[in-house]
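Okay, structure first, notes after.
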Amino acid sequence: MKSTRLRICAAKRRYPTQEQAQAAVEQATIILRPYRCDRCGQFHLTRRTKGKRIARPAG
């Protein structure tokens with residue numbers, strides 16, 4: 001697993017909990033997924049899905 005670059009971490013919005021990050025995902029107009037950052041320990045959002053299984057949007 002690659003680590004998050006410090007510059008990327010600093011530029012992204014941080015969510016203290018996975019629930020807060022998931023709430024932001026549900027408000028987004030594009031497909032995103034939350035992940036725990038190995039730099040700051042909080043959650044960020046990403047569009048990347050390579051190697052990840054994601055559920056198809058309902059509807």
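Here's how to read the names in the structure tokens: chain A, B, ... by the order shown, residue numbers from 1 in each chain, ligand numbers from 1 in the order shown.
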Residues of segment 21-52 of chain A at most 12 Å from segment 11-14 of chain A: nearest atom pair and distance in Å, only C-alpha atoms, as a Markdown table:
| residue | atom | partner | partner_atom | distance |
| --- | --- | --- | --- | --- |
| A:Ala21 | CA | A:Arg14 | CA | 8.2 |
| A:Gln22 | CA | A:Arg14 | CA | 12.0 |
| A:Ala24 | CA | A:Arg13 | CA | 10.5 |
| A:Pro34 | CA | A:Arg14 | CA | 10.2 |
| A:Tyr35 | CA | A:Arg14 | CA | 10.4 |
| A:Arg36 | CA | A:Arg14 | CA | 9.7 |
| A:Cys37 | CA | A:Arg14 | CA | 9.1 |
| A:Arg39 | CA | A:Arg14 | CA | 11.3 |
| A:Cys40 | CA | A:Arg14 | CA | 8.7 |
| A:Gly41 | CA | A:Arg14 | CA | 9.4 |
| A:Gln42 | CA | A:Arg14 | CA | 6.1 |
| A:Phe43 | CA | A:Arg14 | CA | 5.7 |
| A:His44 | CA | A:Arg14 | CA | 5.4 |
| A:Leu45 | CA | A:Arg13 | CA | 7.9 |
| A:Thr46 | CA | A:Lys12 | CA | 9.5 |
As an exercise, work out the distance from atom CA of Arg33 of chain A to atom CA of Gln18 of chain A in Å and give it to one decimal place. 10.2 Å
Return as a PyMOL selection string the full set of residues in chain A whose backbone-based DSSP assignment is strand (DSSP E). chain A and resi 33-36+43-46
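Running DSSP on the backbone and keeping only alpha helix (DSSP H), the residues of chain A that qualify are A:Leu6, A:Arg7, A:Ile8, A:Cys9, A:Ala10, A:Ala11, A:Gln18, A:Glu19, A:Gln20, A:Ala21, A:Gln22, A:Ala23, A:Ala24, A:Val25, A:Glu26, A:Gln27.
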Selection to disk with C-alpha atoms, as an mmCIF file, in the first residue's frame:
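Result file selection-v7.cif:
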data_model
loop_
_atom_site.group_PDB
_atom_site.id
_atom_site.type_symbol
_atom_site.label_atom_id
_atom_site.label_comp_id
_atom_site.auth_asym_id
_atom_site.auth_seq_id
_atom_site.Cartn_x
_atom_site.Cartn_y
_atom_site.Cartn_z
ATOM 1 C CA LEU A 6 2.555 14.977 2.940
ATOM 2 C CA ARG A 7 1.784 17.621 0.280
ATOM 3 C CA ILE A 8 -1.350 15.717 -0.779
ATOM 4 C CA CYS A 9 -2.484 15.292 2.824
ATOM 5 C CA ALA A 10 -2.058 19.005 3.527
ATOM 6 C CA ALA A 11 -4.094 19.965 0.451
ATOM 7 C CA GLN A 18 -15.321 7.847 8.901
ATOM 8 C CA GLU A 19 -18.992 8.720 9.418
ATOM 9 C CA GLN A 20 -18.331 12.388 8.647
ATOM 10 C CA ALA A 21 -16.334 11.434 5.551
ATOM 11 C CA GLN A 22 -19.127 9.109 4.423
ATOM 12 C CA ALA A 23 -21.673 11.910 4.851
ATOM 13 C CA ALA A 24 -19.547 14.068 2.524
ATOM 14 C CA VAL A 25 -19.419 11.190 -0.003
ATOM 15 C CA GLU A 26 -23.209 11.037 -0.027
ATOM 16 C CA GLN A 27 -23.409 14.775 -0.774
#
